[in-house]
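Chemist: I'm passing along run-v4.pdb; it holds PDB, C-alpha atoms, pLDDT in the B column.
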```
ATOM      1  CA  MET Y  15       8.373  18.048 -19.117  1.00 82.00           C
ATOM      2  CA  ASN Y  16       7.678  14.309 -19.365  1.00 91.00           C
ATOM      3  CA  ASP Y  17       6.213  12.048 -22.014  1.00 95.00           C
ATOM      4  CA  PHE Y  18       3.382   9.888 -20.625  1.00 97.00           C
ATOM      5  CA  PHE Y  19       1.781   6.587 -21.598  1.00 97.00           C
ATOM      6  CA  PHE Y  20      -1.676   5.612 -20.316  1.00 98.00           C
ATOM      7  CA  LEU Y  21      -2.488   1.897 -20.480  1.00 98.00           C
ATOM      8  CA  ALA Y  22      -6.224   1.604 -21.183  1.00 97.00           C
ATOM      9  CA  ALA Y  23      -6.705  -1.457 -23.393  1.00 97.00           C
ATOM     10  CA  GLY Y  24      -7.715  -4.073 -20.800  1.00 94.00           C
ATOM     11  CA  PHE Y  25     -11.044  -5.885 -20.554  1.00 94.00           C
ATOM     12  CA  GLY Y  26     -11.730  -4.914 -16.927  1.00 93.00           C
ATOM     13  CA  LYS Y  27     -12.980  -8.427 -16.114  1.00 94.00           C
ATOM     14  CA  ARG Y  28     -12.491  -8.017 -12.363  1.00 94.00           C
ATOM     15  CA  MET Y  29     -15.152  -5.298 -12.402  1.00 96.00           C
ATOM     16  CA  GLN Y  30     -17.666  -7.838 -13.776  1.00 96.00           C
ATOM     17  CA  GLU Y  31     -21.011  -6.264 -14.799  1.00 97.00           C
ATOM     18  CA  TRP Y  32     -19.669  -2.721 -14.401  1.00 97.00           C
ATOM     19  CA  THR Y  33     -17.581  -3.123 -17.557  1.00 97.00           C
ATOM     20  CA  HIS Y  34     -20.088  -4.987 -19.731  1.00 96.00           C
ATOM     21  CA  SER Y  35     -20.834  -1.818 -21.665  1.00 97.00           C
ATOM     22  CA  ILE Y  36     -18.272   0.684 -20.294  1.00 97.00           C
ATOM     23  CA  PRO Y  37     -14.473   0.320 -20.536  1.00 98.00           C
ATOM     24  CA  LYS Y  38     -12.896   0.377 -17.088  1.00 97.00           C
ATOM     25  CA  PRO Y  39     -11.016   3.683 -17.629  1.00 98.00           C
ATOM     26  CA  LEU Y  40     -14.394   5.419 -18.076  1.00 98.00           C
ATOM     27  CA  LEU Y  41     -15.952   4.145 -14.861  1.00 98.00           C
ATOM     28  CA  LYS Y  42     -16.712   7.031 -12.509  1.00 98.00           C
ATOM     29  CA  ILE Y  43     -15.910   7.517  -8.856  1.00 97.00           C
ATOM     30  CA  ASP Y  44     -17.085  10.647  -7.049  1.00 97.00           C
ATOM     31  CA  GLY Y  45     -18.328  11.973 -10.412  1.00 97.00           C
ATOM     32  CA  ILE Y  46     -14.963  11.679 -12.219  1.00 98.00           C
ATOM     33  CA  THR Y  47     -13.727   8.881 -14.500  1.00 98.00           C
ATOM     34  CA  PHE Y  48     -10.534   6.973 -13.708  1.00 98.00           C
ATOM     35  CA  LEU Y  49      -9.051   8.137 -17.000  1.00 98.00           C
ATOM     36  CA  ASP Y  50      -9.882  11.806 -16.478  1.00 98.00           C
ATOM     37  CA  PHE Y  51      -8.175  11.782 -13.092  1.00 98.00           C
ATOM     38  CA  ALA Y  52      -5.053  10.149 -14.600  1.00 98.00           C
ATOM     39  CA  LEU Y  53      -4.997  12.825 -17.312  1.00 98.00           C
ATOM     40  CA  TYR Y  54      -5.404  15.529 -14.676  1.00 98.00           C
ATOM     41  CA  ASN Y  55      -2.425  14.198 -12.714  1.00 97.00           C
ATOM     42  CA  ALA Y  56      -0.265  14.119 -15.848  1.00 97.00           C
ATOM     43  CA  TRP Y  57      -1.274  17.699 -16.626  1.00 97.00           C
ATOM     44  CA  LYS Y  58      -0.363  18.807 -13.092  1.00 96.00           C
ATOM     45  CA  TRP Y  59       2.993  17.010 -13.291  1.00 96.00           C
ATOM     46  CA  GLY Y  60       3.959  18.679 -16.573  1.00 95.00           C
ATOM     47  CA  VAL Y  61       3.250  16.469 -19.578  1.00 95.00           C
ATOM     48  CA  HIS Y  62       4.967  17.154 -22.910  1.00 92.00           C
ATOM     49  CA  LYS Y  63       3.229  14.589 -25.125  1.00 93.00           C
ATOM     50  CA  SER Y  64       1.424  11.333 -24.492  1.00 96.00           C
ATOM     51  CA  TRP Y  65      -0.024   8.114 -25.843  1.00 97.00           C
ATOM     52  CA  ILE Y  66      -2.912   5.895 -24.843  1.00 98.00           C
ATOM     53  CA  ASN Y  67      -3.663   2.400 -26.100  1.00 97.00           C
ATOM     54  CA  VAL Y  68      -7.257   1.154 -26.335  1.00 98.00           C
ATOM     55  CA  HIS Y  69      -8.885  -2.143 -27.307  1.00 97.00           C
ATOM     56  CA  TYR Y  70     -11.989  -3.280 -25.416  1.00 97.00           C
ATOM     57  CA  LEU Y  71     -14.781  -0.769 -26.172  1.00 97.00           C
ATOM     58  CA  GLY Y  72     -12.023   1.459 -27.498  1.00 97.00           C
ATOM     59  CA  ASP Y  73     -14.456   3.543 -29.575  1.00 98.00           C
ATOM     60  CA  LYS Y  74     -15.967   4.881 -26.348  1.00 98.00           C
ATOM     61  CA  ILE Y  75     -12.599   6.081 -25.062  1.00 98.00           C
ATOM     62  CA  ILE Y  76     -11.831   7.692 -28.420  1.00 98.00           C
ATOM     63  CA  GLU Y  77     -15.200   9.470 -28.323  1.00 98.00           C
ATOM     64  CA  HIS Y  78     -14.554  10.574 -24.745  1.00 98.00           C
ATOM     65  CA  LEU Y  79     -11.277  12.201 -25.814  1.00 98.00           C
ATOM     66  CA  GLU Y  80     -12.615  13.667 -29.059  1.00 97.00           C
ATOM     67  CA  ASN Y  81     -12.264  17.278 -27.873  1.00 97.00           C
ATOM     68  CA  PHE Y  82      -9.268  16.777 -25.614  1.00 97.00           C
ATOM     69  CA  SER Y  83      -6.632  19.463 -26.273  1.00 95.00           C
ATOM     70  CA  GLU Y  84      -4.952  20.054 -22.910  1.00 96.00           C
ATOM     71  CA  PHE Y  85      -1.784  18.364 -24.185  1.00 97.00           C
ATOM     72  CA  PRO Y  86      -0.870  16.213 -27.231  1.00 96.00           C
ATOM     73  CA  ILE Y  87      -2.255  12.681 -26.970  1.00 97.00           C
ATOM     74  CA  LYS Y  88      -1.927   9.959 -29.604  1.00 96.00           C
ATOM     75  CA  ILE Y  89      -4.413   7.070 -29.478  1.00 97.00           C
ATOM     76  CA  SER Y  90      -3.343   3.570 -30.513  1.00 97.00           C
ATOM     77  CA  PHE Y  91      -6.390   1.363 -31.237  1.00 97.00           C
ATOM     78  CA  GLU Y  92      -5.503  -2.337 -30.927  1.00 97.00           C
ATOM     79  CA  LYS Y  93      -8.377  -3.572 -33.079  1.00 94.00           C
ATOM     80  CA  LYS Y  94      -7.427  -7.184 -33.904  1.00 92.00           C
ATOM     81  CA  GLU Y  95      -6.107  -8.357 -30.545  1.00 95.00           C
ATOM     82  CA  ILE Y  96      -4.941  -6.922 -27.282  1.00 96.00           C
ATOM     83  CA  LEU Y  97      -1.166  -6.591 -27.400  1.00 97.00           C
ATOM     84  CA  GLY Y  98      -0.328  -6.690 -23.702  1.00 96.00           C
ATOM     85  CA  THR Y  99       1.400  -4.000 -21.713  1.00 96.00           C
ATOM     86  CA  ALA Y 100       4.794  -4.059 -23.452  1.00 97.00           C
ATOM     87  CA  GLY Y 101       3.414  -4.820 -26.919  1.00 97.00           C
ATOM     88  CA  GLY Y 102       0.847  -2.056 -26.603  1.00 97.00           C
ATOM     89  CA  ILE Y 103       3.433   0.524 -25.558  1.00 97.00           C
ATOM     90  CA  ARG Y 104       5.946  -0.534 -28.217  1.00 96.00           C
ATOM     91  CA  THR Y 105       3.348  -0.411 -31.010  1.00 96.00           C
ATOM     92  CA  ALA Y 106       1.909   2.950 -29.945  1.00 95.00           C
ATOM     93  CA  ILE Y 107       5.213   4.733 -29.431  1.00 94.00           C
ATOM     94  CA  GLY Y 108       7.224   3.193 -32.260  1.00 87.00           C
ATOM     95  CA  ALA Y 109      10.155   5.540 -32.799  1.00 70.00           C
ATOM     96  CA  ASP Y 110       8.307   8.611 -31.505  1.00 72.00           C
ATOM     97  CA  SER Y 111      10.039   8.707 -28.131  1.00 69.00           C
ATOM     98  CA  THR Y 112      13.756   8.663 -27.462  1.00 73.00           C
ATOM     99  CA  GLN Y 113      13.550   9.975 -23.893  1.00 88.00           C
ATOM    100  CA  ASP Y 114      12.531   8.267 -20.660  1.00 93.00           C
ATOM    101  CA  PHE Y 115       8.749   8.265 -20.323  1.00 95.00           C
ATOM    102  CA  ILE Y 116       6.189   7.831 -17.561  1.00 96.00           C
ATOM    103  CA  VAL Y 117       3.771   4.896 -17.626  1.00 97.00           C
ATOM    104  CA  ILE Y 118       0.479   5.045 -15.741  1.00 97.00           C
ATOM    105  CA  TYR Y 119      -0.233   1.325 -15.501  1.00 93.00           C
ATOM    106  CA  ASN Y 120      -3.610   1.195 -13.786  1.00 89.00           C
ATOM    107  CA  PRO Y 121      -5.913   4.224 -14.025  1.00 93.00           C
ATOM    108  CA  ASP Y 122      -8.156   2.452 -11.484  1.00 95.00           C
ATOM    109  CA  THR Y 123      -5.447   2.980  -8.866  1.00 96.00           C
ATOM    110  CA  LEU Y 124      -5.995   6.598  -7.911  1.00 98.00           C
ATOM    111  CA  LEU Y 125      -2.815   8.519  -7.122  1.00 98.00           C
ATOM    112  CA  PHE Y 126      -2.975  11.400  -4.650  1.00 98.00           C
ATOM    113  CA  PRO Y 127       0.472  13.052  -4.574  1.00 97.00           C
ATOM    114  CA  SER Y 128       1.519  15.332  -1.759  1.00 96.00           C
ATOM    115  CA  GLU Y 129       1.771  19.057  -2.455  1.00 93.00           C
ATOM    116  CA  THR Y 130       5.555  18.740  -2.640  1.00 94.00           C
ATOM    117  CA  PHE Y 131       5.678  15.666  -4.911  1.00 96.00           C
ATOM    118  CA  GLN Y 132       7.744  16.091  -8.082  1.00 94.00           C
ATOM    119  CA  ILE Y 133       7.840  13.308 -10.632  1.00 96.00           C
ATOM    120  CA  ARG Y 134      11.217  12.277 -11.986  1.00 95.00           C
ATOM    121  CA  LYS Y 135      12.322  13.635 -15.365  1.00 92.00           C
ATOM    122  CA  GLN Y 136      15.117  11.093 -15.880  1.00 94.00           C
ATOM    123  CA  LEU Y 137      16.067   7.619 -14.730  1.00 96.00           C
ATOM    124  CA  PRO Y 138      18.711   7.247 -12.019  1.00 96.00           C
ATOM    125  CA  ALA Y 139      22.194   6.241 -13.143  1.00 92.00           C
ATOM    126  CA  ASN Y 140      22.406   2.669 -14.492  1.00 92.00           C
ATOM    127  CA  SER Y 141      18.624   2.232 -14.270  1.00 97.00           C
ATOM    128  CA  LYS Y 142      16.291   1.127 -17.074  1.00 97.00           C
ATOM    129  CA  ILE Y 143      13.043   1.103 -15.072  1.00 98.00           C
ATOM    130  CA  HIS Y 144      12.156   3.165 -12.013  1.00 98.00           C
ATOM    131  CA  LEU Y 145       9.077   2.204  -9.982  1.00 98.00           C
ATOM    132  CA  TYR Y 146       7.102   4.222  -7.465  1.00 98.00           C
ATOM    133  CA  LEU Y 147       6.324   2.163  -4.371  1.00 97.00           C
ATOM    134  CA  GLN Y 148       4.318   2.135  -1.174  1.00 96.00           C
ATOM    135  CA  PRO Y 149       4.468  -0.095   1.916  1.00 95.00           C
ATOM    136  CA  GLN Y 150       2.557  -3.361   1.607  1.00 90.00           C
ATOM    137  CA  PRO Y 151      -0.894  -2.998   3.203  1.00 82.00           C
ATOM    138  CA  GLN Y 152      -1.347  -5.439   6.063  1.00 69.00           C
ATOM    139  CA  GLU Y 153      -4.859  -6.443   4.998  1.00 65.00           C
ATOM    140  CA  THR Y 154      -3.920  -7.956   1.601  1.00 64.00           C
ATOM    141  CA  ASN Y 155      -1.340 -10.188  -0.059  1.00 67.00           C
ATOM    142  CA  ASN Y 156      -2.493  -9.400  -3.604  1.00 75.00           C
ATOM    143  CA  TYR Y 157       0.563  -7.331  -4.545  1.00 85.00           C
ATOM    144  CA  THR Y 158       3.981  -8.588  -5.628  1.00 90.00           C
ATOM    145  CA  ARG Y 159       6.405  -8.009  -2.778  1.00 94.00           C
ATOM    146  CA  ILE Y 160       9.376  -5.757  -3.513  1.00 96.00           C
ATOM    147  CA  SER Y 161      12.472  -4.978  -1.469  1.00 97.00           C
ATOM    148  CA  MET Y 162      14.540  -1.828  -1.890  1.00 97.00           C
ATOM    149  CA  SER Y 163      18.192  -1.347  -0.981  1.00 96.00           C
ATOM    150  CA  GLU Y 164      19.615   1.888   0.411  1.00 94.00           C
ATOM    151  CA  ASP Y 165      20.695   2.967  -3.085  1.00 93.00           C
ATOM    152  CA  GLY Y 166      17.214   2.342  -4.507  1.00 95.00           C
ATOM    153  CA  ARG Y 167      17.863  -0.990  -6.263  1.00 97.00           C
ATOM    154  CA  LEU Y 168      14.849  -3.307  -6.254  1.00 97.00           C
ATOM    155  CA  ARG Y 169      14.357  -7.046  -5.877  1.00 97.00           C
ATOM    156  CA  LEU Y 170      11.056  -8.685  -6.812  1.00 96.00           C
ATOM    157  CA  GLY Y 171       9.220 -11.366  -4.839  1.00 92.00           C
ATOM    158  CA  GLU Y 172      10.389 -10.305  -1.377  1.00 92.00           C
ATOM    159  CA  GLY Y 173      10.218  -7.268   0.872  1.00 93.00           C
ATOM    160  CA  ASN Y 174       7.651  -4.905   2.316  1.00 93.00           C
ATOM    161  CA  PHE Y 175       6.801  -2.653  -0.640  1.00 96.00           C
ATOM    162  CA  PHE Y 176       4.529  -2.862  -3.679  1.00 95.00           C
ATOM    163  CA  TYR Y 177       4.409  -1.147  -7.070  1.00 96.00           C
ATOM    164  CA  ILE Y 178       1.594   1.420  -7.368  1.00 97.00           C
ATOM    165  CA  GLY Y 179       1.419   1.440 -11.182  1.00 96.00           C
ATOM    166  CA  LEU Y 180       3.510   4.546 -11.811  1.00 98.00           C
ATOM    167  CA  ALA Y 181       6.880   4.021 -13.489  1.00 98.00           C
ATOM    168  CA  LEU Y 182       9.603   5.684 -15.532  1.00 97.00           C
ATOM    169  CA  LEU Y 183      10.945   3.608 -18.457  1.00 96.00           C
ATOM    170  CA  ASP Y 184      13.804   3.737 -20.939  1.00 95.00           C
ATOM    171  CA  PRO Y 185      12.218   3.248 -24.411  1.00 93.00           C
ATOM    172  CA  LYS Y 186      15.289   1.295 -25.563  1.00 92.00           C
ATOM    173  CA  LEU Y 187      14.044  -1.598 -23.402  1.00 92.00           C
ATOM    174  CA  LEU Y 188      11.245  -2.195 -25.910  1.00 93.00           C
ATOM    175  CA  GLU Y 189      13.213  -1.917 -29.161  1.00 91.00           C
ATOM    176  CA  THR Y 190      13.520  -5.692 -29.632  1.00 92.00           C
ATOM    177  CA  ILE Y 191       9.741  -6.196 -29.461  1.00 94.00           C
ATOM    178  CA  PRO Y 192       8.266  -6.353 -32.997  1.00 94.00           C
ATOM    179  CA  LEU Y 193       5.522  -3.844 -33.709  1.00 94.00           C
ATOM    180  CA  HIS Y 194       1.971  -5.229 -33.356  1.00 95.00           C
ATOM    181  CA  SER Y 195       3.197  -8.245 -31.376  1.00 96.00           C
ATOM    182  CA  VAL Y 196       1.901  -9.468 -28.014  1.00 97.00           C
ATOM    183  CA  ALA Y 197       4.252  -8.887 -25.067  1.00 97.00           C
ATOM    184  CA  ASP Y 198       3.991  -8.017 -21.379  1.00 96.00           C
ATOM    185  CA  LEU Y 199       6.095  -5.799 -19.153  1.00 96.00           C
ATOM    186  CA  SER Y 200       6.448  -8.339 -16.348  1.00 95.00           C
ATOM    187  CA  PRO Y 201       9.356 -10.296 -17.930  1.00 95.00           C
ATOM    188  CA  ILE Y 202      11.066  -6.996 -18.752  1.00 96.00           C
ATOM    189  CA  PHE Y 203      10.776  -5.904 -15.117  1.00 96.00           C
ATOM    190  CA  LYS Y 204      12.285  -9.242 -14.025  1.00 95.00           C
ATOM    191  CA  PHE Y 205      15.116  -8.928 -16.540  1.00 95.00           C
ATOM    192  CA  ALA Y 206      15.930  -5.409 -15.332  1.00 96.00           C
ATOM    193  CA  ALA Y 207      15.901  -6.574 -11.700  1.00 96.00           C
ATOM    194  CA  ALA Y 208      18.212  -9.512 -12.501  1.00 96.00           C
ATOM    195  CA  ASN Y 209      20.650  -7.091 -14.137  1.00 95.00           C
ATOM    196  CA  ASN Y 210      20.518  -4.594 -11.270  1.00 96.00           C
ATOM    197  CA  GLN Y 211      18.786  -2.051 -13.524  1.00 97.00           C
ATOM    198  CA  LEU Y 212      15.465  -1.839 -11.654  1.00 98.00           C
ATOM    199  CA  THR Y 213      15.241   1.052  -9.210  1.00 98.00           C
ATOM    200  CA  GLY Y 214      12.526   2.710  -7.187  1.00 98.00           C
ATOM    201  CA  GLU Y 215      11.471   5.175  -4.557  1.00 98.00           C
ATOM    202  CA  LEU Y 216       8.563   5.675  -2.207  1.00 97.00           C
ATOM    203  CA  PHE Y 217       5.635   7.606  -3.663  1.00 98.00           C
ATOM    204  CA  ASP Y 218       5.163  10.833  -1.739  1.00 97.00           C
ATOM    205  CA  GLY Y 219       1.402  10.690  -1.332  1.00 97.00           C
ATOM    206  CA  ASN Y 220      -1.481   8.252  -1.003  1.00 96.00           C
ATOM    207  CA  THR Y 221      -3.104   5.724  -3.320  1.00 96.00           C
ATOM    208  CA  LEU Y 222      -6.530   4.138  -3.590  1.00 96.00           C
ATOM    209  CA  ASP Y 223      -6.827   0.834  -5.469  1.00 94.00           C
ATOM    210  CA  LEU Y 224     -10.340   0.440  -6.907  1.00 96.00           C
ATOM    211  CA  GLY Y 225      -9.536  -2.323  -9.390  1.00 93.00           C
ATOM    212  CA  GLU Y 226     -11.860  -4.936  -7.855  1.00 93.00           C
ATOM    213  CA  LYS Y 227     -15.654  -4.901  -8.108  1.00 96.00           C
ATOM    214  CA  GLU Y 228     -16.216  -4.983  -4.341  1.00 96.00           C
ATOM    215  CA  LEU Y 229     -13.687  -2.216  -3.687  1.00 94.00           C
ATOM    216  CA  TYR Y 230     -15.181  -0.043  -6.407  1.00 97.00           C
ATOM    217  CA  GLU Y 231     -18.721  -0.512  -5.102  1.00 97.00           C
ATOM    218  CA  SER Y 232     -17.658   0.275  -1.539  1.00 97.00           C
ATOM    219  CA  TYR Y 233     -16.564   3.773  -2.652  1.00 97.00           C
ATOM    220  CA  LEU Y 234     -19.444   4.668  -4.964  1.00 96.00           C
ATOM    221  CA  SER Y 235     -21.174   6.829  -2.373  1.00 94.00           C
ATOM    222  CA  ARG Y 236     -18.020   8.336  -0.869  1.00 96.00           C
ATOM    223  CA  SER Y 237     -16.238  11.613  -1.448  1.00 96.00           C
ATOM    224  CA  VAL Y 238     -12.793  10.742  -2.786  1.00 97.00           C
ATOM    225  CA  PHE Y 239     -11.238  13.919  -4.188  1.00 97.00           C
ATOM    226  CA  GLY Y 240     -12.019  16.334  -1.361  1.00 94.00           C
ATOM    227  CA  GLU Y 241     -11.078  19.975  -1.876  1.00 93.00           C
ATOM    228  CA  ASN Y 242      -9.357  19.143  -5.203  1.00 94.00           C
ATOM    229  CA  LYS Y 243     -12.592  17.992  -6.837  1.00 97.00           C
ATOM    230  CA  GLU Y 244     -13.595  21.397  -8.204  1.00 97.00           C
ATOM    231  CA  ASP Y 245     -10.171  21.880  -9.789  1.00 97.00           C
ATOM    232  CA  ILE Y 246     -10.384  18.434 -11.425  1.00 98.00           C
ATOM    233  CA  LEU Y 247     -13.895  19.148 -12.721  1.00 97.00           C
ATOM    234  CA  ARG Y 248     -12.762  22.458 -14.235  1.00 97.00           C
ATOM    235  CA  PHE Y 249     -10.005  20.577 -16.055  1.00 97.00           C
ATOM    236  CA  VAL Y 250     -12.442  17.927 -17.352  1.00 97.00           C
ATOM    237  CA  ASP Y 251     -15.086  20.477 -18.350  1.00 96.00           C
ATOM    238  CA  ARG Y 252     -12.666  22.063 -20.812  1.00 95.00           C
ATOM    239  CA  TYR Y 253     -12.969  19.026 -23.120  1.00 96.00           C
ATOM    240  CA  LEU Y 254     -16.293  17.430 -22.113  1.00 92.00           C
ATOM    241  CA  LYS Y 255     -18.609  20.432 -22.535  1.00 75.00           C
TER     242      LYS Y 255
END
```
In structure tokens, how does this file's structure come out?

Modeler:
Amino acid sequence: MNDFFFLAAGFGKRMQEWTHSIPKPLLKIDGITFLDFALYNAWKWGVHKSWINVHYLGDKIIEHLENFSEFPIKISFEKKEILGTAGGIRTAIGADSTQDFIVIYNPDTLLFPSETFQIRKQLPANSKIHLYLQPQPQETNNYTRISMSEDGRLRLGEGNFFYIGLALLDPKLLETIPLHSVADLSPIFKFAAANNQLTGELFDGNTLDLGEKELYESYLSRSVFGENKEDILRFVDRYLK
């Protein structure tokens, strides 16, 4: 069983008018919100407890999860200012987690694992951060390039892979960040890579990045979830009735 963290505090500016009155995690595709699908995946993978940070239109996410009881979830409302990825995680978790935990970085990147996919329970030896990767798509250069050695060690800024927004982290990495302070994960990733403590593996499945307005709109009339849709809807109906 894993602990999970769902990052959901961003402004969603790249979605433009779509997020003027709706936080990006609650945008729907094929009748299901980004957030609900991320929660469904965590449930399928075996979640022990979880956290979610909210800021922009955070009240709407809190209302959405009002009757959620499929697994423990603690909501951290960043009311004064958005704390960034690392600051948000550090403030929400505090001292609650001493084990490696999963971070779902971008709920707008839909993750479709294979039937045999099993998420890691622990970090590899001498690793502080473990990233799930896919090959760089030929049609875009928007992703940070990553190379991976035969033993799974990663280098940033070069290579033919990209990070899909699913990672396993050691909570000790965040202990030096003061609570309620602004901090991002990017420098921490770079520090881990420089110290040979950043590892990764290929994600066994497919992904769909809908984090841009044009991409999102191009899929609004498409079927995305296929034969799994009814199972996802049954999961969501248990707390949205």

Chemist: Please, what distance in Å, to one decimal, runs between atom CA of Thr99 of chain Y and atom CA of Phe20 of chain Y?

Modeler: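 Going from atom CA of Thr99 of chain Y over to atom CA of Phe20 of chain Y covers 10.2 Å.
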
Chemist: Considering all atoms listed in the file, can you say which of Y:Asn120, Y:Ile76, Y:Tyr70, Y:Arg169 comes closest to Asn209 of chain Y?

Modeler: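 Smallest separation from Asn209 of chain Y among the options: Y:Arg169.
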
Chemist: Could you tell me which residues the PyMOL selection byres ((chain Y and resi 48-56) around 7) returns for this structure, as a list in words?

Modeler: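 Selection result, ordered by chain and number: Pro39, Leu40, Leu41, Lys42, Ile46, Thr47, Trp57, Lys58, Trp59, Gly60, Val61, Pro121, Asp122, Ile246, Phe249 and Val250 of chain Y.
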
Chemist: Write the selection just made, keeping C-alpha atoms, as an mmCIF file, in the frame of the given file?

Modeler:
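Output saved as part_5.cif:
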```cif
data_model
loop_
_atom_site.group_PDB
_atom_site.id
_atom_site.type_symbol
_atom_site.label_atom_id
_atom_site.label_comp_id
_atom_site.auth_asym_id
_atom_site.auth_seq_id
_atom_site.Cartn_x
_atom_site.Cartn_y
_atom_site.Cartn_z
ATOM 1 C CA PRO Y 39 -11.016 3.683 -17.629
ATOM 2 C CA LEU Y 40 -14.394 5.419 -18.076
ATOM 3 C CA LEU Y 41 -15.952 4.145 -14.861
ATOM 4 C CA LYS Y 42 -16.712 7.031 -12.509
ATOM 5 C CA ILE Y 46 -14.963 11.679 -12.219
ATOM 6 C CA THR Y 47 -13.727 8.881 -14.500
ATOM 7 C CA TRP Y 57 -1.274 17.699 -16.626
ATOM 8 C CA LYS Y 58 -0.363 18.807 -13.092
ATOM 9 C CA TRP Y 59 2.993 17.010 -13.291
ATOM 10 C CA GLY Y 60 3.959 18.679 -16.573
ATOM 11 C CA VAL Y 61 3.250 16.469 -19.578
ATOM 12 C CA PRO Y 121 -5.913 4.224 -14.025
ATOM 13 C CA ASP Y 122 -8.156 2.452 -11.484
ATOM 14 C CA ILE Y 246 -10.384 18.434 -11.425
ATOM 15 C CA PHE Y 249 -10.005 20.577 -16.055
ATOM 16 C CA VAL Y 250 -12.442 17.927 -17.352
#
```

Chemist: Restrict the calculation to only C-alpha atoms, then for each residue of segment 41-110 of chain Y with any atom at most 10 Å from an atom of segment 252-255 of chain Y give the closest atom pair and their distance in Å to one decimal, rows by chain and rising residue number, as CSV.

Modeler:
```
residue,atom,partner,partner_atom,distance
Y:His78,CA,Y:Leu254,CA,7.5
Y:Leu79,CA,Y:Tyr253,CA,7.5
Y:Glu80,CA,Y:Tyr253,CA,8.0
Y:Asn81,CA,Y:Tyr253,CA,5.1
Y:Phe82,CA,Y:Tyr253,CA,5.0
Y:Ser83,CA,Y:Tyr253,CA,7.1
Y:Glu84,CA,Y:Tyr253,CA,8.1
```

Chemist: So, counting only C-alpha atoms, which residue among Y:Gly173, Y:Pro138, Y:Gly98, Y:Gly108 is closest to Pro201 of chain Y?

Modeler: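 That would be Y:Gly98, the residue with the smallest distance to Pro201 of chain Y.
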
Chemist: Here's the selection I'm unsure about, the PyMOL selection byres ((chain Y and resi 132) around 10); applied to the file above, which residues does it give, as a count of residues only?

Modeler: 13

Chemist: Please define a box with edges along x, y and z of the file around all atoms of segment 156-166 of chain Y given in the file, extend it by 3 Å on each side, and return its centre and edge lengths in Å to one decimal, as AutoDock Vina command-line options.

Modeler:
```
--center_x 9.1 --center_y -3.2 --center_z -2.6 --size_x 29.2 --size_y 18.4 --size_z 12.0
```

Chemist: Go through the shown structure with the PyMOL selection byres ((chain Y and resi 136) around 12) and write out the matching residues as a PyMOL selection string.

Modeler: chain Y and resi 15-17+112-116+132-135+137-144+181-185

Chemist: If I take atom CA of Lys88 of chain Y and atom CA of Phe239 of chain Y, how far is one from the other in Å, to one decimal?

Modeler: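 It comes out at 27.4 Å.
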
Chemist: For a quick check of understanding, using all atoms listed in the file, which of Y:Pro192, Y:Glu95, Y:Ala207, Y:Asp198 has the smallest distance to Ser161 of chain Y?

Modeler: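 For Ser161 of chain Y, the nearest of the candidates is Y:Ala207.
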
Chemist: Suppose you want the space between atom CA of Asp110 of chain Y and atom CA of Phe91 of chain Y; what is it in Å?

Modeler: 16.4 Å

Chemist: Quick one: everything within 12 Å of Ser232 of chain Y, counting all atoms listed in the file, minus sequence neighbours fewer than 6 positions away in the same chain. Send it as a VMD selection string.

Modeler: chain Y and resid 43 to 44 222 to 226 238

Chemist: Rank nothing, just name the residue among Y:Gly45, Y:Ile66, Y:Ile75, Y:Pro37 nearest to Arg236 of chain Y, using all atoms listed in the file.

Modeler: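 The answer is Y:Gly45, which sits nearest to Arg236 of chain Y.
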
Chemist: Take the point (12.7, 3.4, -3.8) as written in the file and pick out every residue within 12 Å of it, counting all atoms listed in the file; give the list as a ChimeraX atom specification.

Modeler: /Y:138,143-149,160-169,173-178,181,212-218

Chemist: Could you check the closest approach to Lys186 of chain Y for each of Y:Leu170, Y:Leu21, Y:Leu247, Y:Ile103 and tell me which residue wins, using only C-alpha atoms?

Modeler: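 Comparing Y:Leu170, Y:Leu21, Y:Leu247, Y:Ile103 against Lys186 of chain Y, the winner is Y:Ile103.
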
Chemist: Quick one: of Y:Lys227, Y:His194, Y:Lys63, Y:Lys204, who's nearest to Leu97 of chain Y, counting all atoms listed in the file?

Modeler: Y:His194
